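Source file: start-v8.cif; contents: mmCIF, C-alpha atoms.
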```cif
data_work
#
loop_
_atom_site.label_atom_id
_atom_site.label_comp_id
_atom_site.auth_asym_id
_atom_site.auth_seq_id
_atom_site.Cartn_x
_atom_site.Cartn_y
_atom_site.Cartn_z
CA MET A 1 -34.71 -5.91 8.64
CA ILE A 2 -34.93 -6.61 4.93
CA SER A 3 -32.00 -4.35 4.06
CA LEU A 4 -29.67 -6.24 6.43
CA LYS A 5 -30.53 -9.49 4.69
CA VAL A 6 -29.80 -7.94 1.30
CA ILE A 7 -26.51 -6.39 2.42
CA SER A 8 -25.36 -9.68 3.94
CA HIS A 9 -25.74 -11.26 0.49
CA LEU A 10 -24.02 -8.37 -1.27
CA LEU A 11 -21.03 -8.47 1.10
CA ASP A 12 -20.56 -12.20 0.68
CA TYR A 13 -18.32 -13.77 -1.94
CA PRO A 14 -20.04 -13.30 -5.33
CA THR A 15 -21.79 -16.39 -6.69
CA GLN A 16 -23.98 -17.27 -9.65
CA GLU A 17 -26.93 -17.42 -7.26
CA LEU A 18 -26.56 -13.71 -6.55
CA TRP A 19 -26.49 -12.91 -10.25
CA ASP A 20 -29.56 -15.09 -10.87
CA ASN A 21 -31.55 -13.46 -8.05
CA ARG A 22 -30.54 -9.81 -8.42
CA ASN A 23 -34.07 -8.77 -9.38
CA GLU A 24 -35.43 -10.42 -6.24
CA LEU A 25 -32.99 -8.38 -4.15
CA ILE A 26 -34.16 -5.17 -5.80
CA ASP A 27 -37.80 -6.13 -5.26
CA ALA A 28 -37.09 -6.82 -1.60
CA LEU A 29 -35.45 -3.42 -1.15
CA GLN A 30 -38.62 -1.71 -2.39
CA GLU A 31 -40.25 -2.99 0.82
CA ALA A 32 -37.38 -1.94 3.10
CA ASP A 33 -39.16 0.83 4.99
CA GLU A 34 -36.39 1.00 7.59
CA LEU A 35 -34.22 2.98 5.15
CA PRO A 36 -34.56 6.46 3.62
CA VAL A 37 -35.25 6.44 -0.11
CA THR A 38 -31.76 7.78 -0.80
CA GLN A 39 -30.17 4.80 0.96
CA VAL A 40 -32.39 2.32 -0.85
CA ALA A 41 -31.38 3.93 -4.14
CA LYS A 42 -27.72 3.57 -3.14
CA LEU A 43 -28.16 -0.17 -2.61
CA MET A 44 -30.02 -0.61 -5.88
CA ALA A 45 -27.28 1.24 -7.74
CA PHE A 46 -24.67 -1.02 -6.14
CA ILE A 47 -26.55 -4.15 -7.22
CA HIS A 48 -26.75 -2.85 -10.76
CA THR A 49 -23.05 -1.94 -10.89
CA LEU A 50 -21.94 -5.22 -9.33
CA THR A 51 -23.98 -7.52 -11.54
CA GLN A 52 -23.10 -5.67 -14.73
CA GLN A 53 -19.67 -7.26 -14.38
CA SER A 54 -18.96 -10.83 -15.32
CA LEU A 55 -19.07 -13.12 -12.30
CA LEU A 56 -15.39 -14.02 -12.68
CA ASP A 57 -14.39 -10.35 -12.73
CA ALA A 58 -16.51 -9.66 -9.65
CA GLN A 59 -14.96 -12.58 -7.79
CA ALA A 60 -11.44 -11.46 -8.69
CA HIS A 61 -12.21 -7.91 -7.54
CA TYR A 62 -13.72 -9.18 -4.30
CA SER A 63 -10.64 -11.25 -3.51
CA GLU A 64 -8.40 -8.31 -4.33
CA LEU A 65 -10.30 -6.12 -1.87
CA PHE A 66 -10.98 -8.41 1.05
CA ASP A 67 -8.50 -11.30 0.82
CA ARG A 68 -5.22 -9.43 0.43
CA GLY A 69 -3.93 -8.19 3.75
CA ARG A 70 -5.90 -7.51 6.89
CA ALA A 71 -6.89 -3.85 6.67
CA ARG A 72 -10.11 -4.60 4.77
CA SER A 73 -10.80 -8.00 6.28
CA LEU A 74 -14.47 -8.83 6.75
CA LEU A 75 -13.58 -10.79 9.87
CA LEU A 76 -14.73 -8.46 12.63
CA PHE A 77 -12.37 -9.67 15.34
CA GLU A 78 -9.40 -9.00 13.05
CA HIS A 79 -10.01 -5.33 13.82
CA VAL A 80 -10.56 -5.82 17.55
CA HIS A 81 -8.36 -8.63 18.83
CA GLY A 82 -5.86 -9.18 16.01
CA GLU A 83 -3.95 -12.39 16.78
CA SER A 84 -4.41 -12.17 20.56
CA ARG A 85 -5.70 -15.06 22.63
CA ASP A 86 -8.85 -13.10 23.38
CA ARG A 87 -10.00 -13.75 19.83
CA GLY A 88 -10.62 -17.45 20.48
CA GLN A 89 -12.94 -16.80 23.42
CA ALA A 90 -14.71 -14.04 21.48
CA MET A 91 -15.38 -16.58 18.71
CA VAL A 92 -16.91 -18.99 21.20
CA ASP A 93 -19.08 -16.28 22.74
CA LEU A 94 -20.37 -15.23 19.34
CA LEU A 95 -21.11 -18.84 18.38
CA ASN A 96 -23.21 -19.12 21.54
CA GLN A 97 -25.19 -16.06 20.48
CA TYR A 98 -25.83 -17.63 17.08
CA GLN A 99 -26.97 -20.89 18.63
CA HIS A 100 -29.35 -18.94 20.85
CA VAL A 101 -31.35 -17.91 17.77
CA GLY A 102 -30.99 -21.27 16.02
CA ILE A 103 -28.00 -20.63 13.72
CA THR A 104 -25.54 -23.49 13.39
CA LEU A 105 -22.31 -22.91 11.47
CA SER A 106 -20.31 -25.48 9.55
CA CYS A 107 -16.62 -25.92 10.26
CA ARG A 108 -15.85 -23.83 7.15
CA GLU A 109 -17.53 -20.71 8.52
CA LEU A 110 -16.01 -18.26 10.96
CA PRO A 111 -18.56 -16.60 13.25
CA ASP A 112 -17.05 -13.11 13.03
CA TYR A 113 -17.41 -13.00 9.23
CA LEU A 114 -19.40 -9.80 8.70
CA PRO A 115 -22.06 -11.21 6.29
CA MET A 116 -22.73 -13.98 8.83
CA TYR A 117 -23.05 -11.45 11.66
CA LEU A 118 -25.52 -9.40 9.60
CA GLU A 119 -27.50 -12.55 8.92
CA TYR A 120 -27.63 -13.17 12.66
CA LEU A 121 -28.95 -9.65 13.31
CA THR A 122 -31.92 -10.33 11.01
CA PHE A 123 -33.15 -12.88 13.58
CA LEU A 124 -33.34 -10.24 16.32
CA PRO A 125 -36.02 -7.65 17.06
CA THR A 126 -35.41 -4.37 15.24
CA THR A 127 -34.17 -2.50 18.30
CA GLU A 128 -31.64 -5.24 19.05
CA SER A 129 -30.53 -5.37 15.42
CA ILE A 130 -29.84 -1.65 15.51
CA GLU A 131 -27.94 -2.05 18.76
CA GLY A 132 -25.89 -4.86 17.22
CA LEU A 133 -24.95 -2.63 14.32
CA ASN A 134 -24.17 0.28 16.62
CA ASN A 135 -21.81 -1.95 18.59
CA ILE A 136 -19.67 -2.53 15.50
CA ALA A 137 -20.05 0.99 14.08
CA PRO A 138 -16.34 1.83 14.63
CA ILE A 139 -15.37 -1.18 12.50
CA LEU A 140 -17.94 -0.35 9.83
CA ALA A 141 -16.73 3.23 9.64
CA LEU A 142 -13.08 2.18 9.38
CA LEU A 143 -13.74 -0.41 6.67
CA GLY A 144 -15.96 1.99 4.77
CA GLU A 145 -13.31 4.71 4.76
CA ARG A 146 -10.60 2.29 3.67
CA LEU A 147 -12.79 1.11 0.79
CA LYS A 148 -13.67 4.66 -0.15
CA GLN A 149 -10.00 5.67 -0.33
CA ARG A 150 -9.44 2.53 -2.39
CA GLY A 151 -12.05 3.79 -4.84
CA SER A 152 -14.31 0.76 -4.33
CA ASP A 153 -18.07 0.82 -4.80
CA TYR A 154 -18.34 -1.51 -1.79
CA HIS A 155 -17.97 1.50 0.50
CA ALA A 156 -21.64 2.31 -0.23
CA LEU A 157 -22.73 -0.81 1.67
CA PHE A 158 -20.92 0.42 4.77
CA ASP A 159 -22.50 3.85 4.43
CA VAL A 160 -25.91 2.19 4.52
CA LEU A 161 -24.98 0.01 7.49
CA LEU A 162 -23.86 3.07 9.43
CA CYS A 163 -27.15 4.75 8.58
CA LEU A 164 -29.02 1.73 9.94
CA SER A 165 -26.86 1.67 13.08
CA GLN A 166 -28.00 5.18 14.01
CA SER A 167 -24.42 5.81 15.10
CA GLU A 168 -23.25 9.33 15.91
CA LEU A 169 -19.71 8.62 14.74
CA GLU A 170 -18.05 11.37 12.74
CA VAL A 171 -16.70 9.31 9.85
CA SER A 172 -14.88 12.31 8.40
CA GLN A 173 -12.45 12.12 11.32
CA LEU A 174 -11.09 8.84 9.92
CA THR A 175 -10.05 10.31 6.57
CA ALA A 176 -6.63 11.54 7.65
CA GLN A 177 -5.98 8.47 9.81
CA VAL A 178 -6.67 6.02 6.98
CA ALA A 179 -4.63 8.06 4.51
CA LYS A 180 -1.56 7.61 6.74
CA GLU A 181 -1.96 3.85 7.22
CA PRO A 182 0.74 1.59 5.76
CA LEU A 183 -0.38 -0.70 2.94
CA ASP A 184 -0.61 -4.34 3.92
CA ASP A 185 -1.37 -5.74 0.46
CA THR A 186 1.90 -4.89 -1.25
CA PRO A 187 3.97 -7.75 -2.73
CA ALA A 188 6.41 -7.51 0.18
CA ALA A 189 3.66 -7.70 2.79
CA LEU A 190 1.90 -10.55 1.00
CA ASP A 191 5.15 -12.52 0.66
CA ALA A 192 5.37 -12.47 4.44
CA VAL A 193 2.06 -14.34 4.63
CA TRP A 194 3.65 -17.55 3.43
CA GLU A 195 6.36 -17.29 6.06
CA GLU A 196 3.82 -17.53 8.86
CA GLU A 197 1.77 -20.44 10.08
CA GLN A 198 -1.99 -20.27 9.78
CA VAL A 199 -3.62 -19.37 13.08
CA THR A 200 -6.52 -21.64 14.01
CA PHE A 201 -9.07 -20.24 16.45
CA LEU A 202 -11.69 -22.97 16.47
CA GLY A 203 -9.54 -25.96 17.35
CA GLU A 204 -6.44 -27.61 15.94
CA GLY A 205 -8.18 -30.88 15.17
CA THR A 206 -10.92 -29.53 12.95
CA GLN A 207 -10.58 -30.76 9.37
CA CYS A 208 -12.40 -28.54 6.92
CA GLY A 209 -12.47 -28.19 3.17
CA SER A 210 -10.75 -25.39 1.34
CA GLY A 211 -13.24 -24.39 -1.35
CA LYS A 212 -13.03 -20.94 -2.89
CA ILE A 213 -15.95 -19.59 -0.88
CA SER A 214 -14.54 -20.71 2.47
CA GLN A 215 -10.98 -19.65 1.71
CA HIS A 216 -11.79 -15.96 1.62
CA GLN A 217 -13.00 -16.12 5.22
CA ARG A 218 -9.55 -17.01 6.52
CA ARG A 219 -6.57 -14.79 7.26
CA PHE A 220 -2.87 -15.25 8.00
CA ALA A 221 -0.48 -13.18 10.10
CA GLN A 222 1.00 -10.15 8.34
CA GLU A 223 4.20 -8.19 9.00
CA THR A 224 2.48 -4.83 8.48
CA THR A 225 0.92 -3.13 11.49
CA VAL A 226 -2.85 -2.79 11.26
CA GLN A 227 -4.97 -0.24 13.10
CA TYR A 228 -6.93 -2.12 15.81
CA LEU A 229 -9.98 -0.78 17.53
CA ASN A 230 -10.65 -0.58 21.24
CA VAL A 231 -14.33 -1.44 21.24
CA GLY A 232 -14.35 -3.79 24.20
CA ASN A 233 -17.25 -6.23 24.15
CA SER A 234 -18.71 -4.62 21.07
CA LEU A 235 -20.39 -7.75 19.80
CA ASP A 236 -22.40 -8.41 22.94
CA THR A 237 -25.85 -7.89 21.49
CA GLY A 238 -29.32 -8.12 22.87
CA ALA A 239 -29.32 -11.89 22.47
CA GLN A 240 -27.42 -12.13 25.71
CA LYS A 241 -29.85 -9.99 27.64
#
```

Rewrite the structure of this file - the entire thing - as structure tokens.
Amino acid sequence: MISLKVISHLLDYPTQELWDNRNELIDALQEADELPVTQVAKLMAFIHTLTQQSLLDAQAHYSELFDRGRARSLLLFEHVHGESRDRGQAMVDLLNQYQHVGITLSCRELPDYLPMYLEYLTFLPTTESIEGLNNIAPILALLGERLKQRGSDYHALFDVLLCLSQSELEVSQLTAQVAKEPLDDTPAALDAVWEEEQVTFLGEGTQCGSGKISQHQRRFAQETTVQYLNVGNSLDTGAQK
């Protein structure tokens, strides 16, 4: 689906390439017949708002949203497995799904990074792509509500993803829950980050670079409790069938 490809770019760390190709993204959306016109307009408005900023401002805002704390992490398993041992095996299983469609990740990329997962879904037949989105709908709804209460325009991307997922979730039910959640990006919570060791899920011996784009895909343990989701094997998509 064209819209999934576009959203995967928009949810990734902002780069000059995105700014240079914004018109191409808008042109592509005009052919995205899988979305209602209102949803297409929402994506176009987001592209316009995002790229009206300077790139440095957009990057700083992105890091503020997604790199501080765990509540808005774009690492899917952060919201399912947390720091449990199950997360490592889930990573391996997802990597196998990627390899099945010909996607090979570098050591700097984590397979549960949402833009990467959306990219993977574009390789699947439409029905399987929808199923893949539906499987993570609880995570999408939770992230979207957290971003909305944060006042971030990024919540629009999650609204569109939920529309594509054809999920019957009642997002409004999350409003009160999210409002009561403790903040995990306060100075006190962030200070605790540096008191914890980094958790490595893909092997202790892997030596990877630490460029700005790869850094935002990694998370550390926090002292603040985060709401986890009981979605079971939610990322088992049609590629395994």

For His155 of chain A, which residue out of A:Leu29, A:His9, A:Ala137, A:Phe46 is the nearest one, using only C-alpha atoms? A:Phe46

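For the atom pair formed by atom CA of Ser152 of chain A and atom CA of His61 of chain A, the distance is 9.5 Å, given to one decimal.
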
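Applying the 10 Å criterion to (-38.9, -0.8, 6.7) in file coordinates and using all atoms listed in the file, one obtains the residues Met1, Ile2, Ser3, Leu29, Gln30, Glu31, Ala32, Asp33, Glu34, Leu35, Pro36 and Thr126 of chain A.
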
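Considering all atoms listed in the file, the residue among A:Asp12, A:Ser172, A:Gln53, A:Ser129 positioned nearest to Glu109 of chain A is A:Asp12.
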
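Across the structure, atom CA of Val6 of chain A and atom CA of Arg150 of chain A are spaced 23.2 Å apart.
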
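Picked by the PyMOL selection byres ((chain A and resi 140) around 10) from the coordinates shown: Leu74, Leu76, Leu114, Leu133, Asn134, Asn135, Ile136, Ala137, Pro138, Ile139, Ala141, Leu142, Leu143, Gly144, Glu145, Arg146, His155, Leu157, Phe158, Asp159, Val160, Leu161, Leu162, Ser165 and Val171 of chain A.
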
Prev. selection, C-alpha atoms, output as a PDB file, keeping the file's coordinate frame:
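result.pdb, written as the output of this step:
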```
ATOM      1  CA  LEU A  74     -14.470  -8.830   6.750  1.00  0.00           C
ATOM      2  CA  LEU A  76     -14.730  -8.460  12.630  1.00  0.00           C
ATOM      3  CA  LEU A 114     -19.400  -9.800   8.700  1.00  0.00           C
ATOM      4  CA  LEU A 133     -24.950  -2.630  14.320  1.00  0.00           C
ATOM      5  CA  ASN A 134     -24.170   0.280  16.620  1.00  0.00           C
ATOM      6  CA  ASN A 135     -21.810  -1.950  18.590  1.00  0.00           C
ATOM      7  CA  ILE A 136     -19.670  -2.530  15.500  1.00  0.00           C
ATOM      8  CA  ALA A 137     -20.050   0.990  14.080  1.00  0.00           C
ATOM      9  CA  PRO A 138     -16.340   1.830  14.630  1.00  0.00           C
ATOM     10  CA  ILE A 139     -15.370  -1.180  12.500  1.00  0.00           C
ATOM     11  CA  ALA A 141     -16.730   3.230   9.640  1.00  0.00           C
ATOM     12  CA  LEU A 142     -13.080   2.180   9.380  1.00  0.00           C
ATOM     13  CA  LEU A 143     -13.740  -0.410   6.670  1.00  0.00           C
ATOM     14  CA  GLY A 144     -15.960   1.990   4.770  1.00  0.00           C
ATOM     15  CA  GLU A 145     -13.310   4.710   4.760  1.00  0.00           C
ATOM     16  CA  ARG A 146     -10.600   2.290   3.670  1.00  0.00           C
ATOM     17  CA  HIS A 155     -17.970   1.500   0.500  1.00  0.00           C
ATOM     18  CA  LEU A 157     -22.730  -0.810   1.670  1.00  0.00           C
ATOM     19  CA  PHE A 158     -20.920   0.420   4.770  1.00  0.00           C
ATOM     20  CA  ASP A 159     -22.500   3.850   4.430  1.00  0.00           C
ATOM     21  CA  VAL A 160     -25.910   2.190   4.520  1.00  0.00           C
ATOM     22  CA  LEU A 161     -24.980   0.010   7.490  1.00  0.00           C
ATOM     23  CA  LEU A 162     -23.860   3.070   9.430  1.00  0.00           C
ATOM     24  CA  SER A 165     -26.860   1.670  13.080  1.00  0.00           C
ATOM     25  CA  VAL A 171     -16.700   9.310   9.850  1.00  0.00           C
TER      26      VAL A 171
END
```

Within 8 Å of Leu4 of chain A using all atoms listed in the file, minus same-chain residues under 6 positions, as a PyMOL selection string: chain A and resi 118-119+121-122+161

Quick one: pull the distance between atom CA of Ile26 of chain A and atom CA of Leu65 of chain A, Å, one decimal. 24.2 Å

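Excluding Tyr62 of chain A and any residue on its chain fewer than 3 positions from it, the residues at most 12 Å away by only C-alpha atoms are Leu10, Leu11, Asp12, Tyr13, Pro14, Thr15, Leu50, Gln53, Leu55, Leu56, Asp57, Ala58, Gln59, Leu65, Phe66, Asp67, Arg68, Arg72, Ser73, Leu74, Leu147, Ser152, Asp153, Tyr154, Lys212, Ile213, His216 and Gln217 of chain A.
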
Output the residue selection produced by the PyMOL selection byres ((chain A and resi 111) around 12) on the file above, formatted as a PyMOL selection string. chain A and resi 74-78+87-99+103-110+112-120+201-202+217-218+235

Give me a file of those residues, with C-alpha atoms, as an mmCIF file, keeping the file's coordinate frame.
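Printed below is again23.cif as written:
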```
data_model
loop_
_atom_site.group_PDB
_atom_site.id
_atom_site.type_symbol
_atom_site.label_atom_id
_atom_site.label_comp_id
_atom_site.auth_asym_id
_atom_site.auth_seq_id
_atom_site.Cartn_x
_atom_site.Cartn_y
_atom_site.Cartn_z
ATOM 1 C CA LEU A 74 -14.470 -8.830 6.750
ATOM 2 C CA LEU A 75 -13.580 -10.790 9.870
ATOM 3 C CA LEU A 76 -14.730 -8.460 12.630
ATOM 4 C CA PHE A 77 -12.370 -9.670 15.340
ATOM 5 C CA GLU A 78 -9.400 -9.000 13.050
ATOM 6 C CA ARG A 87 -10.000 -13.750 19.830
ATOM 7 C CA GLY A 88 -10.620 -17.450 20.480
ATOM 8 C CA GLN A 89 -12.940 -16.800 23.420
ATOM 9 C CA ALA A 90 -14.710 -14.040 21.480
ATOM 10 C CA MET A 91 -15.380 -16.580 18.710
ATOM 11 C CA VAL A 92 -16.910 -18.990 21.200
ATOM 12 C CA ASP A 93 -19.080 -16.280 22.740
ATOM 13 C CA LEU A 94 -20.370 -15.230 19.340
ATOM 14 C CA LEU A 95 -21.110 -18.840 18.380
ATOM 15 C CA ASN A 96 -23.210 -19.120 21.540
ATOM 16 C CA GLN A 97 -25.190 -16.060 20.480
ATOM 17 C CA TYR A 98 -25.830 -17.630 17.080
ATOM 18 C CA GLN A 99 -26.970 -20.890 18.630
ATOM 19 C CA ILE A 103 -28.000 -20.630 13.720
ATOM 20 C CA THR A 104 -25.540 -23.490 13.390
ATOM 21 C CA LEU A 105 -22.310 -22.910 11.470
ATOM 22 C CA SER A 106 -20.310 -25.480 9.550
ATOM 23 C CA CYS A 107 -16.620 -25.920 10.260
ATOM 24 C CA ARG A 108 -15.850 -23.830 7.150
ATOM 25 C CA GLU A 109 -17.530 -20.710 8.520
ATOM 26 C CA LEU A 110 -16.010 -18.260 10.960
ATOM 27 C CA ASP A 112 -17.050 -13.110 13.030
ATOM 28 C CA TYR A 113 -17.410 -13.000 9.230
ATOM 29 C CA LEU A 114 -19.400 -9.800 8.700
ATOM 30 C CA PRO A 115 -22.060 -11.210 6.290
ATOM 31 C CA MET A 116 -22.730 -13.980 8.830
ATOM 32 C CA TYR A 117 -23.050 -11.450 11.660
ATOM 33 C CA LEU A 118 -25.520 -9.400 9.600
ATOM 34 C CA GLU A 119 -27.500 -12.550 8.920
ATOM 35 C CA TYR A 120 -27.630 -13.170 12.660
ATOM 36 C CA PHE A 201 -9.070 -20.240 16.450
ATOM 37 C CA LEU A 202 -11.690 -22.970 16.470
ATOM 38 C CA GLN A 217 -13.000 -16.120 5.220
ATOM 39 C CA ARG A 218 -9.550 -17.010 6.520
ATOM 40 C CA LEU A 235 -20.390 -7.750 19.800
#
```

Quick one: residues within 9 Å of Arg22 of chain A, all atoms listed in the file counted, chain neighbours fewer than 5 positions away excluded, as number ranges by chain? A: 17, 27, 47-48, 51

Keeping only C-alpha atoms, write those residues as a compact mmCIF listing (two decimals), keeping the file's coordinate frame.
```txt
# COMPACT_ATOMS: atom_id res chain seq x y z
CA GLU A 17 -26.93 -17.42 -7.26
CA ASP A 27 -37.80 -6.13 -5.26
CA ILE A 47 -26.55 -4.15 -7.22
CA HIS A 48 -26.75 -2.85 -10.76
CA THR A 51 -23.98 -7.52 -11.54
```

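For the choices A:Glu131, A:Leu174, A:Glu24, A:Phe123, the atom-to-atom distance to Gln149 of chain A is smallest for A:Leu174 when using only C-alpha atoms.
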